[in-house]
Protein chains: 2
Amino acid sequence: MRADAQRLNRVYGAIADPTRRTMLGMLAGGEVTVGTLAERFPISFNGVSKHVKVLEQAGLVRRKVRGREHWLRLRPAPLREATRWLDHYREFWDTRLDALENFLVQQEERSTSKGRRPGRRSGR
Amino acid sequence: MRADAQRLNRVYGAIADPTRRTMLGMLAGGEVTVGTLAERFPISFNGVSKHVKVLEQAGLVRRKVRGREHWLRLRPAPLREATRWLDHYREFWDTRLDALENFLVQQEERSTSKGRRPGRRSGR
DNA sequence: ACGACATTCTACCATATGGTTGAATATTTG
DNA sequence: CAAATATTCAACCATATGGTAGAATGTCGT
């Protein structure tokens, strides 16, 4: 599904920025306003506001307007999805590729440390 | 450490692109040349070459030049690191925030179902 | 040596991103 | 009502990104 991929794009894109990762960490304790968030970053309020919007569009943060303040809350669901994709491949690679790597490295060692033996198909 | 964050930026940035995610999937089976990879994408060879470079700089792919061909191999280690960051937060949020969300939603229901809206001044 | 092949490098383009400032909007407070 | 506050919107800038095309580099086959 395309929508699925789109969401992954947004989520990984969102957490690819260290400022936004830090923001997510700050939201772990509960709700926080945009202004409170902004206090802790060396960029302008507007810069922070933009980052928040990115997190929001990735579905990682939910905004609730109460009076003049915007309260932000973490939404873990998209992270779960993102983890699922990563885990699916990572596990497979961890088990399968480590073995493959060892195998290939050994093969390399064999062909470089000892001379090529006659009658052997040289793997190029 | 900053280097750590830098690596996470690169890895998440790399997998934020669906073309590159697909490439990683294709590399699961073992080594593949850039050209073989390129055959399966609707973009130019050069475009593919650029994507490969991004994956390489994120440490997700290792390149080995054999003759005129460049063979690519997956490197799972950075994925492991990326998963670790995600998992650390996700687990925490999963347990802690789901409870918080339920609590807050209930609170909301309680206050809205009784028609207790705060002074309403219509927009504009 | 020569041409075909696999690939990168350089240059270019359009759009996205992260940042800024200033104006606008809505809300609380005096 | 007016001022202060919390925030977004709009415009702008510099740089990054994803894409293209063409030239350059290195290797293979004859």
# chains A, B, ... in the order shown; residues from 1 in each chain; ligands from 1
$ interface_residues --of "chain D" --to "chain B" --cutoff "10 Å" --atoms "only C-alpha atoms (C1' of nucleotides)" --output "ChimeraX atom specification"
/D:18-21,26-28
$ write_last_selection --atoms "C-alpha atoms (C1' of nucleotides)" --output "PDB file, in the first residue's frame"
ATOM      1  C1'  DG D  18      16.119  13.770  -5.890  1.00  0.00           C
ATOM      2  C1'  DG D  19      16.188  13.874 -10.393  1.00  0.00           C
ATOM      3  C1'  DT D  20      18.263  14.613 -15.180  1.00  0.00           C
ATOM      4  C1'  DA D  21      22.053  14.663 -19.009  1.00  0.00           C
ATOM      5  C1'  DG D  26      38.526   2.483 -15.664  1.00  0.00           C
ATOM      6  C1'  DT D  27      37.914  -2.388 -17.287  1.00  0.00           C
ATOM      7  C1'  DC D  28      36.738  -6.134 -20.405  1.00  0.00           C
TER       8       DC D  28
END
$ interface_residues --of "chain A" --to "chain B" --cutoff "8 Å" --atoms "only C-alpha atoms" --output "PyMOL selection string"
chain A and resi 5+8-13+15-18+25+28+30+74-76+79-80+83+86-87+89-90+93-94+97+100+124
$ residues_around --residues "range 21-26 of chain C" --least-positions-apart "2" --cutoff "9 Å" --atoms "only C-alpha atoms (C1' of nucleotides)" --output "ChimeraX atom specification"
/A:67-68 /B:123-124 /D:6-10,12
$ interface_residues --of "chain C" --to "chain B" --cutoff "12 Å" --atoms "only C-alpha atoms (C1' of nucleotides)" --output "number ranges by chain"
C: 5-9, 25-27
$ write_last_selection --atoms "C-alpha atoms (C1' of nucleotides)" --output "mmCIF file, in the first residue's frame"
data_model
loop_
_atom_site.group_PDB
_atom_site.id
_atom_site.type_symbol
_atom_site.label_atom_id
_atom_site.label_comp_id
_atom_site.auth_asym_id
_atom_site.auth_seq_id
_atom_site.Cartn_x
_atom_site.Cartn_y
_atom_site.Cartn_z
ATOM 1 C "C1'" DC C 5 30.501 -1.604 -20.797
ATOM 2 C "C1'" DA C 6 29.878 -0.197 -15.629
ATOM 3 C "C1'" DT C 7 30.274 3.321 -13.074
ATOM 4 C "C1'" DT C 8 31.315 7.985 -11.044
ATOM 5 C "C1'" DC C 9 31.881 12.996 -11.559
ATOM 6 C "C1'" DT C 25 -4.947 35.887 14.791
ATOM 7 C "C1'" DA C 26 -6.867 34.550 18.989
ATOM 8 C "C1'" DT C 27 -6.901 34.637 24.050
#
$ residues_around --residues "DG30 in chain C" --least-positions-apart "4" --cutoff "10 Å" --atoms "only C-alpha atoms (C1' of nucleotides)" --output "tab-separated table (two decimals) with N, CA and C atoms (P, O5', C5', C4', C3', O3' and C1' of nucleotides), in the first residue's frame"
chain	number	residue	atom	x	y	z
D	2	DA	P	-9.01	50.86	22.28
D	2	DA	O5'	-7.81	50.35	23.19
D	2	DA	C5'	-7.55	51.01	24.44
D	2	DA	C4'	-6.42	50.28	25.15
D	2	DA	C3'	-5.26	49.90	24.23
D	2	DA	O3'	-4.05	50.17	24.92
D	2	DA	C1'	-6.11	47.96	25.29
D	3	DA	P	-2.61	50.06	24.13
D	3	DA	O5'	-1.94	48.88	24.99
D	3	DA	C5'	-1.93	48.99	26.42
D	3	DA	C4'	-1.44	47.67	27.00
D	3	DA	C3'	-0.21	47.11	26.30
D	3	DA	O3'	0.65	46.59	27.30
D	3	DA	C1'	-1.95	45.51	26.24
D	4	DA	P	2.17	46.17	26.98
D	4	DA	O5'	2.11	44.61	27.31
D	4	DA	C5'	1.59	44.19	28.58
D	4	DA	C4'	1.29	42.70	28.51
D	4	DA	C3'	2.44	41.87	27.93
D	4	DA	O3'	2.61	40.77	28.81
D	4	DA	C1'	0.41	41.39	26.79
$ decode --residues "chain C" --atoms "C-alpha atoms (C1' of nucleotides)" --output "PDB file, in the first residue's frame"
ATOM      1  C1'  DA C   1      44.642  -0.532 -29.803  1.00  0.00           C
ATOM      2  C1'  DC C   2      39.633  -0.094 -29.937  1.00  0.00           C
ATOM      3  C1'  DG C   3      35.064  -0.192 -28.814  1.00  0.00           C
ATOM      4  C1'  DA C   4      31.613  -1.663 -25.534  1.00  0.00           C
ATOM      5  C1'  DC C   5      30.501  -1.604 -20.797  1.00  0.00           C
ATOM      6  C1'  DA C   6      29.878  -0.197 -15.629  1.00  0.00           C
ATOM      7  C1'  DT C   7      30.274   3.321 -13.074  1.00  0.00           C
ATOM      8  C1'  DT C   8      31.315   7.985 -11.044  1.00  0.00           C
ATOM      9  C1'  DC C   9      31.881  12.996 -11.559  1.00  0.00           C
ATOM     10  C1'  DT C  10      30.225  17.520 -12.837  1.00  0.00           C
ATOM     11  C1'  DA C  11      26.751  20.549 -13.836  1.00  0.00           C
ATOM     12  C1'  DC C  12      22.247  21.770 -13.819  1.00  0.00           C
ATOM     13  C1'  DC C  13      17.174  22.040 -12.411  1.00  0.00           C
ATOM     14  C1'  DA C  14      13.075  21.911  -9.359  1.00  0.00           C
ATOM     15  C1'  DT C  15      11.505  21.234  -5.031  1.00  0.00           C
ATOM     16  C1'  DA C  16      12.063  20.407   0.038  1.00  0.00           C
ATOM     17  C1'  DT C  17      14.117  21.680   4.440  1.00  0.00           C
ATOM     18  C1'  DG C  18      15.666  24.354   8.353  1.00  0.00           C
ATOM     19  C1'  DG C  19      16.238  28.626   9.598  1.00  0.00           C
ATOM     20  C1'  DT C  20      15.058  33.733   9.996  1.00  0.00           C
ATOM     21  C1'  DT C  21      11.915  38.032  10.552  1.00  0.00           C
ATOM     22  C1'  DG C  22       7.630  40.490  10.585  1.00  0.00           C
ATOM     23  C1'  DA C  23       2.637  40.557  10.387  1.00  0.00           C
ATOM     24  C1'  DA C  24      -1.718  38.413  11.652  1.00  0.00           C
ATOM     25  C1'  DT C  25      -4.947  35.887  14.791  1.00  0.00           C
ATOM     26  C1'  DA C  26      -6.867  34.550  18.989  1.00  0.00           C
ATOM     27  C1'  DT C  27      -6.901  34.637  24.050  1.00  0.00           C
ATOM     28  C1'  DT C  28      -6.066  36.236  28.621  1.00  0.00           C
ATOM     29  C1'  DT C  29      -5.459  40.066  31.797  1.00  0.00           C
ATOM     30  C1'  DG C  30      -5.637  44.881  33.516  1.00  0.00           C
TER      31       DG C  30
END
